[in-house]
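The file data_0.cif comes next; it holds mmCIF, C-alpha atoms.
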data_work
#
loop_
_atom_site.label_atom_id
_atom_site.label_comp_id
_atom_site.auth_asym_id
_atom_site.auth_seq_id
_atom_site.Cartn_x
_atom_site.Cartn_y
_atom_site.Cartn_z
CA MET A 805 40.39 4.57 20.57
CA LYS A 806 36.65 5.11 20.77
CA ARG A 807 34.61 2.35 19.18
CA ILE A 808 32.91 3.39 15.94
CA SER A 809 29.12 3.30 16.34
CA LEU A 810 26.72 1.54 14.01
CA THR A 811 25.41 4.94 12.88
CA VAL A 812 28.86 5.99 11.67
CA TRP A 813 29.32 2.66 9.88
CA ILE A 814 25.98 3.15 8.14
CA PHE A 815 27.05 6.60 6.97
CA ILE A 816 30.32 5.12 5.74
CA GLY A 817 28.40 2.41 3.90
CA MET A 818 26.09 4.98 2.28
CA ALA A 819 29.04 7.12 1.14
CA ALA A 820 30.83 4.07 -0.22
CA GLY A 821 27.67 3.03 -2.06
CA VAL A 822 27.31 6.43 -3.73
CA ALA A 823 30.99 6.39 -4.73
CA CYS A 824 30.67 2.88 -6.14
CA GLY A 825 27.54 3.84 -8.07
CA VAL A 826 29.27 6.87 -9.60
CA PHE A 827 32.70 5.45 -10.42
CA ALA A 828 31.88 1.77 -10.99
CA PRO A 829 28.22 1.59 -12.05
CA SER A 830 28.55 -1.83 -13.67
CA THR A 831 29.89 -3.25 -10.42
CA ALA A 832 27.30 -1.38 -8.35
CA LYS A 833 24.46 -2.98 -10.30
CA GLN A 834 25.70 -6.41 -9.21
CA LEU A 835 25.52 -5.54 -5.51
CA GLY A 836 21.77 -5.91 -5.31
CA ILE A 837 22.20 -9.38 -3.81
CA LEU A 838 23.77 -7.86 -0.67
CA SER A 839 20.84 -5.54 -0.02
CA THR A 840 18.40 -8.37 -0.84
CA ILE A 841 20.07 -10.70 1.66
CA PHE A 842 20.02 -8.00 4.33
CA LEU A 843 16.33 -7.27 3.79
CA ARG A 844 15.48 -10.99 3.81
CA LEU A 845 17.28 -11.42 7.14
CA ILE A 846 15.43 -8.43 8.55
CA ARG A 847 12.07 -9.75 7.40
CA SER A 848 12.80 -13.09 9.04
CA ILE A 849 12.83 -11.26 12.38
CA ILE A 850 9.53 -9.44 12.20
CA ALA A 851 6.80 -12.06 12.78
CA PRO A 852 8.42 -13.95 15.70
CA LEU A 853 9.58 -10.69 17.30
CA LEU A 854 6.10 -9.13 17.15
CA PHE A 855 4.42 -12.28 18.41
CA GLY A 856 6.81 -12.83 21.32
CA THR A 857 6.94 -9.18 22.36
CA LEU A 858 3.22 -8.51 22.28
CA VAL A 859 2.08 -11.78 23.90
CA TYR A 860 4.61 -11.49 26.72
CA GLY A 861 3.88 -7.77 27.15
CA ILE A 862 0.13 -8.42 27.56
CA ALA A 863 0.08 -11.71 29.47
CA GLY A 864 3.37 -11.40 31.35
CA GLY A 865 2.71 -7.91 32.62
CA GLY A 866 -0.99 -8.35 33.30
CA GLU A 867 -1.72 -5.43 30.99
CA VAL A 868 -4.66 -6.89 29.08
CA LYS A 869 -7.22 -4.62 30.74
CA HIS A 870 -5.25 -1.56 29.63
CA MET A 871 -4.81 -2.55 25.97
CA GLY A 872 -8.26 -1.40 24.87
CA ARG A 873 -7.56 2.07 26.22
CA ILE A 874 -4.07 2.08 24.72
CA GLY A 875 -5.43 1.00 21.35
CA GLY A 876 -8.04 3.76 21.38
CA LYS A 877 -5.45 6.40 22.24
CA ALA A 878 -3.08 5.11 19.57
CA ILE A 879 -5.72 5.13 16.81
CA LEU A 880 -6.88 8.63 17.82
CA TYR A 881 -3.29 9.89 17.69
CA PHE A 882 -2.67 8.16 14.34
CA GLU A 883 -5.71 9.75 12.71
CA ILE A 884 -4.93 13.26 13.95
CA VAL A 885 -1.30 13.21 12.84
CA THR A 886 -1.88 11.58 9.44
CA THR A 887 -4.70 14.04 8.71
CA VAL A 888 -2.34 16.92 9.49
CA ALA A 889 0.25 15.33 7.17
CA LEU A 890 -2.26 15.05 4.32
CA PHE A 891 -3.39 18.63 4.55
CA LEU A 892 0.14 19.94 5.03
CA GLY A 893 1.14 18.21 1.79
CA LEU A 894 -1.94 19.64 0.08
CA GLY A 895 -1.18 23.16 1.26
CA ILE A 896 2.48 23.07 0.23
CA VAL A 897 1.82 21.59 -3.22
CA ASN A 898 -0.77 24.30 -3.91
CA LEU A 899 1.64 26.97 -2.73
CA VAL A 900 4.77 25.80 -4.58
CA ARG A 901 3.01 24.16 -7.57
CA PRO A 902 5.93 21.89 -8.56
CA GLY A 903 3.92 20.21 -11.33
CA GLU A 904 3.59 23.31 -13.49
CA GLY A 905 5.80 23.13 -16.55
CA VAL A 906 6.43 19.39 -16.23
CA PRO A 907 5.31 17.77 -19.51
CA ILE A 908 3.41 14.51 -19.44
CA ALA A 909 4.31 12.21 -22.32
CA ARG A 910 1.26 10.20 -23.29
CA SER A 911 3.47 7.46 -24.74
CA ALA A 912 4.63 6.68 -21.23
CA ALA A 913 1.29 5.03 -20.50
CA GLU A 914 2.78 1.71 -21.46
CA VAL A 915 5.10 1.78 -18.46
CA ALA A 916 2.54 3.02 -15.96
CA ALA A 917 1.62 0.50 -13.30
CA PRO A 918 -1.87 -0.98 -13.35
CA ALA A 919 -4.45 0.71 -11.17
CA ALA A 920 -4.95 -0.76 -7.74
CA PRO A 921 -8.31 -2.37 -7.00
CA PRO A 922 -10.65 -0.01 -5.14
CA THR A 923 -10.18 -0.01 -1.38
CA THR A 924 -13.24 0.15 0.85
CA LEU A 925 -13.64 0.41 4.58
CA THR A 926 -15.10 -3.09 4.57
CA SER A 927 -12.06 -4.56 2.82
CA VAL A 928 -9.65 -2.78 5.18
CA VAL A 929 -11.48 -4.07 8.28
CA GLU A 930 -11.80 -7.57 6.84
CA HIS A 931 -8.10 -7.70 6.00
CA THR A 932 -7.24 -6.87 9.61
CA PHE A 933 -8.29 -10.31 10.85
CA PRO A 934 -6.22 -13.37 9.87
CA THR A 935 -7.59 -16.66 8.64
CA SER A 936 -4.26 -18.36 9.41
CA ILE A 937 -1.54 -16.97 11.62
CA ILE A 938 1.00 -19.12 9.77
CA ASP A 939 0.01 -17.49 6.48
CA SER A 940 0.08 -14.03 8.08
CA MET A 941 3.56 -14.64 9.46
CA ALA A 942 4.77 -16.01 6.13
CA ARG A 943 3.61 -12.83 4.40
CA ASN A 944 4.83 -10.59 7.25
CA ASP A 945 1.40 -9.01 7.47
CA VAL A 946 2.14 -7.03 10.62
CA LEU A 947 -1.44 -5.92 11.28
CA GLN A 948 -2.81 -9.48 11.22
CA VAL A 949 0.06 -10.71 13.41
CA VAL A 950 -0.68 -7.92 15.91
CA VAL A 951 -4.40 -8.79 16.05
CA PHE A 952 -3.70 -12.50 16.58
CA ALA A 953 -0.99 -11.84 19.17
CA PHE A 954 -3.27 -9.44 21.04
CA LEU A 955 -6.08 -12.00 21.27
CA PHE A 956 -3.63 -14.80 22.05
CA GLY A 957 -2.03 -12.75 24.83
CA ALA A 958 -5.44 -11.86 26.24
CA ALA A 959 -6.33 -15.57 26.30
CA CYS A 960 -3.08 -16.39 28.11
CA ALA A 961 -3.76 -13.69 30.67
CA ALA A 962 -7.28 -14.99 31.24
CA ILE A 963 -6.10 -18.58 31.82
CA GLY A 964 -3.49 -17.46 34.33
CA ALA A 965 -0.99 -19.92 35.79
CA LYS A 966 -1.77 -22.68 33.28
CA ALA A 967 -0.52 -20.46 30.46
CA GLN A 968 2.72 -19.54 32.25
CA PRO A 969 4.90 -21.92 30.17
CA VAL A 970 3.58 -20.32 26.97
CA VAL A 971 4.09 -16.81 28.33
CA SER A 972 7.63 -17.65 29.47
CA PHE A 973 8.37 -19.07 26.02
CA CYS A 974 7.14 -15.86 24.37
CA GLY A 975 9.32 -13.78 26.68
CA ALA A 976 12.34 -15.91 25.85
CA LEU A 977 11.45 -15.75 22.14
CA ALA A 978 11.40 -11.94 22.26
CA GLU A 979 14.82 -11.83 23.97
CA VAL A 980 16.30 -14.26 21.44
CA MET A 981 14.94 -12.25 18.53
CA PHE A 982 16.43 -9.04 19.93
CA ARG A 983 19.82 -10.75 20.10
CA TYR A 984 19.24 -12.14 16.58
CA THR A 985 18.51 -8.55 15.48
CA LYS A 986 21.80 -7.40 16.96
CA TYR A 987 23.68 -9.96 14.87
CA VAL A 988 21.81 -9.01 11.69
CA MET A 989 22.54 -5.33 12.30
CA TYR A 990 26.23 -6.04 11.88
CA ALA A 991 25.43 -6.42 8.17
CA ALA A 992 23.54 -3.10 7.99
CA PRO A 993 26.42 -0.99 6.57
CA PHE A 994 26.89 -3.52 3.76
CA GLY A 995 23.16 -3.84 3.07
CA VAL A 996 22.41 -0.13 3.00
CA GLY A 997 25.59 0.65 1.06
CA ALA A 998 24.64 -1.91 -1.57
CA ALA A 999 21.11 -0.50 -1.82
CA ILE A 1000 22.45 3.01 -2.46
CA ALA A 1001 25.03 1.70 -4.93
CA VAL A 1002 22.40 -0.11 -6.99
CA THR A 1003 20.18 2.98 -7.15
CA VAL A 1004 22.96 5.35 -8.19
CA GLY A 1005 24.61 2.79 -10.48
CA SER A 1006 21.34 2.07 -12.29
CA LYS A 1007 20.05 5.63 -12.65
CA GLY A 1008 23.24 7.67 -12.29
CA LEU A 1009 23.62 10.93 -10.42
CA ALA A 1010 20.93 12.32 -12.69
CA VAL A 1011 18.42 10.74 -10.31
CA LEU A 1012 19.60 13.28 -7.73
CA PHE A 1013 18.75 16.22 -10.01
CA GLY A 1014 15.80 15.07 -12.15
CA LEU A 1015 12.52 16.72 -11.26
CA GLY A 1016 14.45 18.77 -8.74
CA LYS A 1017 11.54 21.03 -7.83
CA LEU A 1018 9.38 18.08 -6.84
CA ILE A 1019 12.17 16.48 -4.81
CA LEU A 1020 12.95 19.73 -3.00
CA THR A 1021 9.25 20.33 -2.33
CA MET A 1022 8.85 16.83 -0.92
CA TYR A 1023 11.90 17.07 1.33
CA ALA A 1024 10.95 20.57 2.47
CA ALA A 1025 7.40 19.45 3.27
CA LEU A 1026 8.68 16.50 5.29
CA ALA A 1027 11.17 18.74 7.11
CA ILE A 1028 8.38 21.16 8.00
CA PHE A 1029 6.23 18.27 9.20
CA VAL A 1030 9.02 16.85 11.37
CA ILE A 1031 10.06 20.20 12.83
CA LEU A 1032 6.67 21.84 13.34
CA VAL A 1033 4.21 18.97 13.76
CA LEU A 1034 6.29 16.23 15.36
CA GLY A 1035 8.31 18.88 17.20
CA ALA A 1036 5.09 20.26 18.69
CA VAL A 1037 4.04 16.73 19.67
CA ILE A 1038 7.39 16.19 21.41
CA ALA A 1039 6.96 19.45 23.32
CA ILE A 1040 3.34 18.80 24.30
CA ALA A 1041 4.00 15.20 25.39
CA ARG A 1042 7.24 16.25 27.13
CA VAL A 1043 9.33 13.61 25.38
CA PRO A 1044 13.05 14.22 26.09
CA LEU A 1045 14.39 15.39 22.73
CA ARG A 1046 18.05 14.46 23.07
CA SER A 1047 17.51 10.91 24.27
CA PHE A 1048 14.68 10.41 21.75
CA TYR A 1049 17.02 11.50 18.95
CA ALA A 1050 19.62 8.99 20.14
CA ALA A 1051 16.98 6.23 20.14
CA VAL A 1052 15.59 6.88 16.66
CA ARG A 1053 18.79 7.86 14.84
CA GLU A 1054 19.84 4.40 13.66
CA PRO A 1055 16.36 3.12 12.71
CA PHE A 1056 15.81 6.38 10.80
CA LEU A 1057 19.04 5.95 8.84
CA ILE A 1058 18.30 2.31 8.04
CA ALA A 1059 14.82 3.22 6.80
CA PHE A 1060 16.23 6.10 4.73
CA SER A 1061 18.95 4.07 3.07
CA THR A 1062 16.90 0.92 2.38
CA ALA A 1063 13.54 2.64 1.74
CA SER A 1064 11.95 -0.11 3.84
CA SER A 1065 10.12 0.37 7.12
CA GLU A 1066 10.46 -3.37 7.74
CA ALA A 1067 14.25 -3.07 7.75
CA ALA A 1068 14.07 -0.60 10.64
CA LEU A 1069 11.28 -2.26 12.62
CA PRO A 1070 13.27 -4.63 14.87
CA LEU A 1071 15.86 -2.01 15.85
CA ALA A 1072 13.15 0.63 16.33
CA MET A 1073 11.28 -1.64 18.74
CA GLU A 1074 14.42 -2.53 20.67
CA ASN A 1075 15.57 1.09 20.93
CA MET A 1076 12.17 2.34 22.07
CA GLU A 1077 12.12 -0.28 24.84
CA GLN A 1078 15.55 0.92 25.93
CA PHE A 1079 14.17 4.48 25.73
CA GLY A 1080 11.70 3.50 28.45
CA VAL A 1081 8.51 2.70 26.54
CA PRO A 1082 6.91 -0.43 28.10
CA LYS A 1083 7.13 -3.64 26.10
CA HIS A 1084 3.37 -4.00 25.61
CA ILE A 1085 3.06 -0.46 24.22
CA VAL A 1086 6.02 -0.89 21.87
CA GLY A 1087 4.69 -4.24 20.68
CA PHE A 1088 1.26 -2.79 19.91
CA VAL A 1089 1.77 0.82 18.79
CA ILE A 1090 4.74 0.55 16.43
CA PRO A 1091 3.50 -2.42 14.35
CA THR A 1092 -0.05 -1.03 14.24
CA GLY A 1093 1.38 2.30 13.12
CA TYR A 1094 2.78 0.57 10.04
CA SER A 1095 -0.79 0.38 8.78
CA PHE A 1096 -2.40 3.44 10.37
CA ASN A 1097 0.36 5.99 11.00
CA LEU A 1098 2.36 6.37 7.78
CA ASP A 1099 3.01 10.11 8.13
CA GLY A 1100 5.57 10.38 5.33
CA THR A 1101 3.52 8.25 2.94
CA THR A 1102 0.28 10.16 3.46
CA LEU A 1103 2.03 13.50 2.95
CA TYR A 1104 3.64 12.14 -0.22
CA LEU A 1105 0.31 10.87 -1.59
CA SER A 1106 -1.35 14.27 -1.31
CA LEU A 1107 1.65 16.02 -2.82
CA ALA A 1108 2.17 13.52 -5.66
CA SER A 1109 -1.48 13.34 -6.72
CA MET A 1110 -1.72 17.13 -6.98
CA PHE A 1111 1.65 17.24 -8.74
CA VAL A 1112 0.20 15.04 -11.50
CA ALA A 1113 -2.92 17.20 -11.72
CA GLN A 1114 -0.79 20.33 -12.06
CA ALA A 1115 1.50 18.73 -14.65
CA ALA A 1116 -1.53 17.63 -16.70
CA GLY A 1117 -3.16 21.06 -16.44
CA VAL A 1118 -6.19 19.61 -14.65
CA HIS A 1119 -7.86 22.15 -12.40
CA MET A 1120 -9.21 20.76 -9.15
CA ASN A 1121 -11.20 23.05 -6.90
CA PHE A 1122 -11.00 22.83 -3.13
CA GLY A 1123 -13.98 20.50 -2.93
CA ASP A 1124 -12.41 18.05 -5.37
CA GLN A 1125 -9.13 18.19 -3.49
CA LEU A 1126 -10.93 17.59 -0.19
CA ILE A 1127 -12.69 14.51 -1.57
CA MET A 1128 -9.37 13.21 -2.88
CA MET A 1129 -7.75 13.74 0.54
CA LEU A 1130 -10.55 11.82 2.25
CA THR A 1131 -10.09 9.01 -0.28
CA LEU A 1132 -6.36 8.94 0.41
CA MET A 1133 -7.03 8.77 4.16
CA LEU A 1134 -8.90 5.52 3.52
CA THR A 1135 -6.73 3.94 0.82
CA SER A 1136 -3.48 4.65 2.67
CA LYS A 1137 -4.58 2.43 5.57
CA GLY A 1138 -3.10 -1.02 5.42
CA VAL A 1139 -0.25 -0.02 3.12
CA ALA A 1140 2.53 -2.49 3.83
CA GLY A 1141 5.82 -1.14 5.19
CA VAL A 1142 7.74 -2.25 2.13
CA PRO A 1143 9.44 -0.30 -0.68
CA ARG A 1144 7.22 1.32 -3.32
CA ALA A 1145 3.92 0.35 -1.67
CA ALA A 1146 2.69 3.95 -1.95
CA LEU A 1147 2.95 3.76 -5.74
CA VAL A 1148 0.14 1.21 -5.86
CA ILE A 1149 -2.11 3.53 -3.86
CA LEU A 1150 -1.12 6.50 -6.02
CA SER A 1151 -1.88 4.75 -9.31
CA GLY A 1152 -5.31 3.77 -8.03
CA THR A 1153 -6.02 7.34 -6.87
CA LEU A 1154 -5.05 8.83 -10.23
CA ALA A 1155 -7.38 6.46 -12.04
CA ALA A 1156 -10.23 7.05 -9.60
CA PHE A 1157 -10.09 10.84 -10.09
CA HIS A 1158 -9.52 10.66 -13.85
CA LEU A 1159 -6.05 12.10 -13.63
CA PRO A 1160 -3.67 10.91 -16.38
CA VAL A 1161 -1.85 7.79 -15.21
CA GLU A 1162 0.94 8.86 -17.56
CA GLY A 1163 2.00 11.19 -14.76
CA PHE A 1164 2.69 8.12 -12.68
CA SER A 1165 5.59 7.15 -14.94
CA ILE A 1166 7.21 10.57 -14.40
CA LEU A 1167 7.31 9.92 -10.66
CA LEU A 1168 8.94 6.53 -11.17
CA GLY A 1169 12.22 8.11 -12.22
CA VAL A 1170 12.74 9.80 -8.87
CA ASP A 1171 10.66 7.58 -6.62
CA ALA A 1172 13.78 6.02 -5.09
CA LEU A 1173 14.70 9.36 -3.53
CA LEU A 1174 11.13 10.17 -2.56
CA ASP A 1175 10.62 6.73 -1.01
CA MET A 1176 13.74 7.05 1.12
CA ALA A 1177 12.42 10.28 2.63
CA ARG A 1178 8.84 9.22 3.23
CA THR A 1179 9.84 5.84 4.69
CA SER A 1180 12.26 7.34 7.19
CA VAL A 1181 9.59 9.81 8.35
CA ASN A 1182 7.15 6.88 8.71
CA VAL A 1183 9.59 5.19 11.09
CA LEU A 1184 10.25 8.40 13.00
CA GLY A 1185 6.52 9.04 13.38
CA ASN A 1186 5.84 5.54 14.68
CA CYS A 1187 8.65 5.72 17.23
CA LEU A 1188 7.27 9.02 18.47
CA ALA A 1189 3.76 7.57 18.60
CA ALA A 1190 4.97 4.85 20.97
CA ALA A 1191 6.62 7.45 23.20
CA VAL A 1192 3.52 9.68 23.17
CA VAL A 1193 1.16 6.83 24.10
CA ALA A 1194 3.55 5.81 26.90
CA ARG A 1195 3.56 9.37 28.25
CA TRP A 1196 -0.23 9.50 27.85
CA GLU A 1197 -0.41 6.39 30.01
CA GLY A 1198 1.71 8.07 32.67
CA TYR A 1199 5.05 6.32 32.04
CA LYS A 1200 8.33 8.16 32.26
CA VAL A 1201 10.45 7.78 29.11
CA GLY A 1202 13.96 8.83 28.19
#
In structure tokens, write the structure found in this file.
Amino acid sequence: MKRISLTVWIFIGMAAGVACGVFAPSTAKQLGILSTIFLRLIRSIIAPLLFGTLVYGIAGGGEVKHMGRIGGKAILYFEIVTTVALFLGLGIVNLVRPGEGVPIARSAAEVAAPAAPPTTLTSVVEHTFPTSIIDSMARNDVLQVVVFAFLFGAACAAIGAKAQPVVSFCGALAEVMFRYTKYVMYAAPFGVGAAIAVTVGSKGLAVLFGLGKLILTMYAALAIFVILVLGAVIAIARVPLRSFYAAVREPFLIAFSTASSEAALPLAMENMEQFGVPKHIVGFVIPTGYSFNLDGTTLYLSLASMFVAQAAGVHMNFGDQLIMMLTLMLTSKGVAGVPRAALVILSGTLAAFHLPVEGFSILLGVDALLDMARTSVNVLGNCLAAAVVARWEGYKVG
């Protein structure tokens, strides 16, 4: 009998979670501890895995002289794709206008989240550099860990033979963390099933139908982005579609079911290495993309902000919308790959453009479904970014 794959087990766990949430909601609400344990185990992987992978990839492979070029290509790619995502979301929300007819209850202001502090280019750049790598690892700040590991790996490469014990340790650390990831993934069906069960058990099936036009618009916009934009990137970069699908399938499902990019990060990195992307590119591009290449999140931010404007009856001309998109391009950088992070950015954007923050509370009711979609597209986009940069560097993948 053919062995059941992890993907099938994850689907089974998701279906069981929905059934539990529908037929035994009181029990489903108590399952949050399973998803919490799974996410905590996943987060324990991230910092040592990133550090070991990136240091060994740079110093062990002698790739330090190429990393500046790779970083430049990655950032250029990130900015192009996220800009397309923002404007695609803007175009679709103006075409479909899902906010029209949705009432905004002013009394809901009490439950709206506080506005985020203003984000500036200076604060984003300053936050990139760690004051303590131990603190950065404790907080799982992937961008700071990447910056430290990059400089540390470059230092090891410059020293040469004297640093070989450290480089060998980092290589062994990366291998151990990949095996550790494999063990943790055995719990994935239980963790993702519990996460779905808690959502459905707490909000009921009504969460699947509330604000249906917005949900359908969001999912349709993301589907168009994946098919047309990422599909075009796959064709242009000549990334083998079938083998790429096989590599990203399980990380995509984990991200969708847990609404956490962090949960999918270790498996995404391992699968992309098996796909043929060199270790140093995987270790740099995917974690950096968690701050600069959130395709699903940026598309959601443009759609959600205009949804609130439409629901409130606030007319925004093209110039106003363009300024808001440029603001979102800045404020979306550095968003952590954790559940609901986009809500903080959205609340700050609404306040900055004098849109009613009461509209924020309307989005809360269905944000679980929206977050699942945007997070999974974030993971998909970052996996593709690693493959594209590898192809750009002349490596054969797939």
* If we count all atoms listed in the file, what is near A:Met1133 at a cut-off of 8 Å, once residues fewer than 4 positions away on the same chain are taken out, given as a ChimeraX atom specification? -> /A:886-887,890,1102,1129,1137
* Which is closest to A:Lys1017 among A:Leu947, A:Arg901, A:Ser936, A:Leu1098, if we use only C-alpha atoms? ->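 Smallest separation from A:Lys1017 among the options: A:Arg901.
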* Record the distance separating atom CA of A:Arg1195 and atom CA of A:Arg1042, expressed in Å with one decimal. =>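 For atom CA of A:Arg1195 relative to atom CA of A:Arg1042, the distance reads 7.9 Å.
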* Asked: How many Å separate atom CA of A:Ala1191 from atom CA of A:Met1076?
  -> 7.6 Å
May I have a table of the residues of stretch 814-889 of chain A lying at most 12 Å from stretch 986-1010 of chain A, giving each one's closest pair of atoms and their distance in Å to one decimal, counting all atoms listed in the file, ordered by chain and ascending residue number, as CSV?
residue,atom,partner,partner_atom,distance
A:Ile814,CA,A:Pro993,CA,4.4
A:Phe815,CA,A:Pro993,CA,7.6
A:Ile816,CA,A:Pro993,CA,7.3
A:Gly817,CA,A:Gly997,CA,4.4
A:Met818,CA,A:Gly997,CA,4.5
A:Ala819,CA,A:Gly997,CA,7.3
A:Ala820,CA,A:Gly997,CA,6.4
A:Gly821,CA,A:Ala1001,CA,4.1
A:Val822,CA,A:Ala1001,CA,5.4
A:Ala823,CA,A:Ala1001,CA,7.6
A:Cys824,CA,A:Ala1001,CA,5.9
A:Gly825,CA,A:Gly1005,CA,3.9
A:Val826,CA,A:Gly1005,CA,6.3
A:Phe827,CA,A:Gly1005,CA,8.5
A:Ala828,CA,A:Gly1005,CA,7.4
A:Pro829,CA,A:Gly1005,CA,4.1
A:Ser830,CA,A:Gly1005,CA,6.9
A:Thr831,CA,A:Gly1005,CA,8.0
A:Ala832,CA,A:Ala1001,CA,5.1
A:Lys833,CA,A:Val1002,CA,4.8
A:Gln834,CA,A:Val1002,CA,7.5
A:Leu835,CA,A:Ala998,CA,5.4
A:Gly836,CA,A:Val1002,CA,6.1
A:Ile837,CA,A:Ala998,CA,8.2
A:Leu838,CA,A:Gly995,CA,5.5
A:Ser839,CA,A:Gly995,CA,4.2
A:Thr840,CA,A:Gly995,CA,7.6
A:Ile841,CA,A:Gly995,CA,7.7
A:Phe842,CA,A:Gly995,CA,5.4
A:Leu843,CA,A:Gly995,CA,7.7
A:Arg844,CA,A:Val988,CA,10.3
A:Leu845,CA,A:Val988,CA,6.9
A:Ile846,CA,A:Val988,CA,7.1
A:Arg847,CA,A:Val988,CA,10.7
A:Ser848,CA,A:Val988,CA,10.2
A:Ile849,CA,A:Val988,CA,9.3
May I have the selected residues written with C-alpha atoms, as a PDB file, in the frame of the given file?
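The resulting file, selection_35.pdb, is shown below:
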ATOM      1  CA  ILE A 814      25.980   3.150   8.140  1.00  0.00           C
ATOM      2  CA  PHE A 815      27.050   6.600   6.970  1.00  0.00           C
ATOM      3  CA  ILE A 816      30.320   5.120   5.740  1.00  0.00           C
ATOM      4  CA  GLY A 817      28.400   2.410   3.900  1.00  0.00           C
ATOM      5  CA  MET A 818      26.090   4.980   2.280  1.00  0.00           C
ATOM      6  CA  ALA A 819      29.040   7.120   1.140  1.00  0.00           C
ATOM      7  CA  ALA A 820      30.830   4.070  -0.220  1.00  0.00           C
ATOM      8  CA  GLY A 821      27.670   3.030  -2.060  1.00  0.00           C
ATOM      9  CA  VAL A 822      27.310   6.430  -3.730  1.00  0.00           C
ATOM     10  CA  ALA A 823      30.990   6.390  -4.730  1.00  0.00           C
ATOM     11  CA  CYS A 824      30.670   2.880  -6.140  1.00  0.00           C
ATOM     12  CA  GLY A 825      27.540   3.840  -8.070  1.00  0.00           C
ATOM     13  CA  VAL A 826      29.270   6.870  -9.600  1.00  0.00           C
ATOM     14  CA  PHE A 827      32.700   5.450 -10.420  1.00  0.00           C
ATOM     15  CA  ALA A 828      31.880   1.770 -10.990  1.00  0.00           C
ATOM     16  CA  PRO A 829      28.220   1.590 -12.050  1.00  0.00           C
ATOM     17  CA  SER A 830      28.550  -1.830 -13.670  1.00  0.00           C
ATOM     18  CA  THR A 831      29.890  -3.250 -10.420  1.00  0.00           C
ATOM     19  CA  ALA A 832      27.300  -1.380  -8.350  1.00  0.00           C
ATOM     20  CA  LYS A 833      24.460  -2.980 -10.300  1.00  0.00           C
ATOM     21  CA  GLN A 834      25.700  -6.410  -9.210  1.00  0.00           C
ATOM     22  CA  LEU A 835      25.520  -5.540  -5.510  1.00  0.00           C
ATOM     23  CA  GLY A 836      21.770  -5.910  -5.310  1.00  0.00           C
ATOM     24  CA  ILE A 837      22.200  -9.380  -3.810  1.00  0.00           C
ATOM     25  CA  LEU A 838      23.770  -7.860  -0.670  1.00  0.00           C
ATOM     26  CA  SER A 839      20.840  -5.540  -0.020  1.00  0.00           C
ATOM     27  CA  THR A 840      18.400  -8.370  -0.840  1.00  0.00           C
ATOM     28  CA  ILE A 841      20.070 -10.700   1.660  1.00  0.00           C
ATOM     29  CA  PHE A 842      20.020  -8.000   4.330  1.00  0.00           C
ATOM     30  CA  LEU A 843      16.330  -7.270   3.790  1.00  0.00           C
ATOM     31  CA  ARG A 844      15.480 -10.990   3.810  1.00  0.00           C
ATOM     32  CA  LEU A 845      17.280 -11.420   7.140  1.00  0.00           C
ATOM     33  CA  ILE A 846      15.430  -8.430   8.550  1.00  0.00           C
ATOM     34  CA  ARG A 847      12.070  -9.750   7.400  1.00  0.00           C
ATOM     35  CA  SER A 848      12.800 -13.090   9.040  1.00  0.00           C
ATOM     36  CA  ILE A 849      12.830 -11.260  12.380  1.00  0.00           C
TER      37      ILE A 849
END
* To do: Using all atoms listed in the file, find the one residue out of A:Leu1130, A:Leu1167, A:Val1089, A:Ile1058 that sits nearest to A:Ile874.
  =>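 Checking each of A:Leu1130, A:Leu1167, A:Val1089, A:Ile1058 against A:Ile874, counting all atoms listed in the file, the winner is A:Val1089.
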* Asked: Hey, what comes out of the PyMOL selection byres ((chain A and resi 1030) around 12) on this file? Could you write it as a VMD selection string?
  -> chain A and resid 885 888 to 889 892 1023 to 1029 1031 to 1038 1099 to 1100 1103 1177 to 1178 1180 to 1185 1188
